[in-house]
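Read the structure below first, then the notes.
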Amino acid sequence: MWDWSRAFDALPLLLKGFGNTLIATVGGTLIAVVLGLVIAILLRVLPRWINWLLKLAVAFVRNTPLVVQLLFIYFLFAKHPVLAGIPSLTLGLIIIGVHYSTYMSESYRAGIDSVPKGQWEAISALSLPPARAFRSIVLPQALRATVPSLGNYAVAMFKDTPFLFAIGVVELVTSAQQYGGRHFAYTEAFTLAGLIFLAASYPTSLLIRRLEKSLARY
């Protein structure tokens, strides 16, 4: 049976866990956005044999479970005398960021491939340096088609942050579990956790959809 006093009592603890969830999401998204772009560009400019190795690494990261990557890297670092001091939250957001960068790199690749063939021919005709060509011509057009999917991956990352419990990060869902275990109030704790997730992710999804429609006009 629902107990409002338990719900109000659990809320501060859940919001504290939500803070860790936000840190992991924002930090992971920044890593994924930058690293995904770097991967997409490297896959176009590297020699074929290095390109093949990079594709293999990207496929490996993308096709292995995130929770397995978290546990493997966490216990690998735990045995290192220098790296063992890295906070679990920092390590977790790096791992989740690298994981999602492999997905975002595909979005960037599709955006780059969507640049009209005539633009590439113009770049060749003008003999523009690759860095300037990407910065001034290719990326502005590619990002227009890429931004909505990047936003969707950021929302997916937000919903995957509960996996961080595997390496000891007390995020929103873990906070709900801990409170429910201490006070036998799982209904209140997990209901509030679900509502907090919904309150954060649904408006973001609407914003991404609106952005997608706006970009489609240009």
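Each chain of the structure tokens is named A, B, ... in the order shown, its residues numbered from 1; ligands are numbered from 1 in display order.
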For this session: List the neighbours of Ala142 in chain A out to 10 Å using only C-alpha atoms; skip same-chain residues closer than 6 positions along the sequence, and give me the result as a ChimeraX atom specification.
Result: /A:107-115,134
Problem set entry | Contacts of Leu66 in chain A at 12 Å (only C-alpha atoms; same-chain gap of 5+ positions) as a ChimeraX atom specification | /A:60-61,71-73,92-100,102,157,160-167
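Residues in contact range of Ala133 in chain A, defined as at most 12 Å between only C-alpha atoms, with sequence neighbours fewer than 5 positions away removed, read Ile41, Ile112, Gln119, Trp120, Glu121, Ala122, Ile123, Ser124, Ala125, Leu126, Ser127, Leu128, Val138, Leu139, Pro140 and Gln141 of chain A.
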Exercise. Counting only C-alpha atoms, what is within 7 Å of range 197-208 of chain A, bar same-chain residues fewer than 2 positions away, as a ChimeraX atom specification?
Worked result: /A:148,151,155,193-195,210-212
Output file for the selection above: N, CA, C and O atoms, as a PDB file, in the first residue's frame:
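Result written to selection-v1.pdb:
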```pdb
ATOM      1  N   PRO A 148      19.748  14.918 -34.343  1.00  0.00           N
ATOM      2  CA  PRO A 148      18.635  14.210 -33.700  1.00  0.00           C
ATOM      3  C   PRO A 148      18.991  12.814 -33.210  1.00  0.00           C
ATOM      4  O   PRO A 148      18.612  12.423 -32.109  1.00  0.00           O
ATOM      5  N   GLY A 151      21.020  12.939 -30.084  1.00  0.00           N
ATOM      6  CA  GLY A 151      20.169  13.189 -28.932  1.00  0.00           C
ATOM      7  C   GLY A 151      19.462  11.927 -28.459  1.00  0.00           C
ATOM      8  O   GLY A 151      19.336  11.686 -27.246  1.00  0.00           O
ATOM      9  N   VAL A 155      19.684  10.054 -24.719  1.00  0.00           N
ATOM     10  CA  VAL A 155      18.564   9.595 -23.890  1.00  0.00           C
ATOM     11  C   VAL A 155      18.724   8.114 -23.553  1.00  0.00           C
ATOM     12  O   VAL A 155      18.463   7.689 -22.416  1.00  0.00           O
ATOM     13  N   ALA A 193      11.466   6.682  -8.474  1.00  0.00           N
ATOM     14  CA  ALA A 193      12.607   6.594  -9.394  1.00  0.00           C
ATOM     15  C   ALA A 193      12.127   6.583 -10.844  1.00  0.00           C
ATOM     16  O   ALA A 193      12.688   7.277 -11.704  1.00  0.00           O
ATOM     17  N   GLY A 194      11.069   5.812 -11.114  1.00  0.00           N
ATOM     18  CA  GLY A 194      10.523   5.769 -12.469  1.00  0.00           C
ATOM     19  C   GLY A 194       9.967   7.107 -12.902  1.00  0.00           C
ATOM     20  O   GLY A 194      10.155   7.529 -14.055  1.00  0.00           O
ATOM     21  N   LEU A 195       9.302   7.802 -11.982  1.00  0.00           N
ATOM     22  CA  LEU A 195       8.745   9.120 -12.315  1.00  0.00           C
ATOM     23  C   LEU A 195       9.845  10.148 -12.575  1.00  0.00           C
ATOM     24  O   LEU A 195       9.705  11.010 -13.446  1.00  0.00           O
ATOM     25  N   ARG A 210      11.324  17.855 -31.820  1.00  0.00           N
ATOM     26  CA  ARG A 210      11.088  19.199 -32.354  1.00  0.00           C
ATOM     27  C   ARG A 210      12.305  19.693 -33.128  1.00  0.00           C
ATOM     28  O   ARG A 210      12.171  20.315 -34.193  1.00  0.00           O
ATOM     29  N   LEU A 211      13.503  19.413 -32.597  1.00  0.00           N
ATOM     30  CA  LEU A 211      14.724  19.803 -33.277  1.00  0.00           C
ATOM     31  C   LEU A 211      14.852  19.098 -34.620  1.00  0.00           C
ATOM     32  O   LEU A 211      15.259  19.696 -35.623  1.00  0.00           O
ATOM     33  N   GLU A 212      14.486  17.820 -34.646  1.00  0.00           N
ATOM     34  CA  GLU A 212      14.543  17.050 -35.888  1.00  0.00           C
ATOM     35  C   GLU A 212      13.634  17.647 -36.955  1.00  0.00           C
ATOM     36  O   GLU A 212      13.995  17.758 -38.126  1.00  0.00           O
TER      37      GLU A 212
END
```
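The shortest atom-to-atom distance to Leu35 in chain A, with only C-alpha atoms taken into account, belongs to A:Met104 out of A:Ala176, A:Met104, A:Ala10, A:Ile86.
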Exercise. Closest to Ala24 in chain A among A:Gly180, A:Leu89, A:Tyr103, A:Ser136, using only C-alpha atoms?
Worked result: A:Leu89
Exercise. Could you name the residues that touch Leu42 in chain A at 12 Å or less, counting only C-alpha atoms, but leaving out those on the same chain fewer than 3 positions away, as an MDAnalysis selection string?
Worked result: chainID A and resid 35:39 45:48 50:55 58 105 108:109 130:131 134
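Across the structure, CA of Phe75 in chain A and CA of Val26 in chain A are spaced 24.0 Å apart.
Here CA of Leu192 in chain A is placed at a distance of 11.4 Å from CA of Trp2 in chain A.
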Exercise. Quick one, how far is CA of Gly168 in chain A from CA of Ala84 in chain A?
Worked result: 13.6 Å
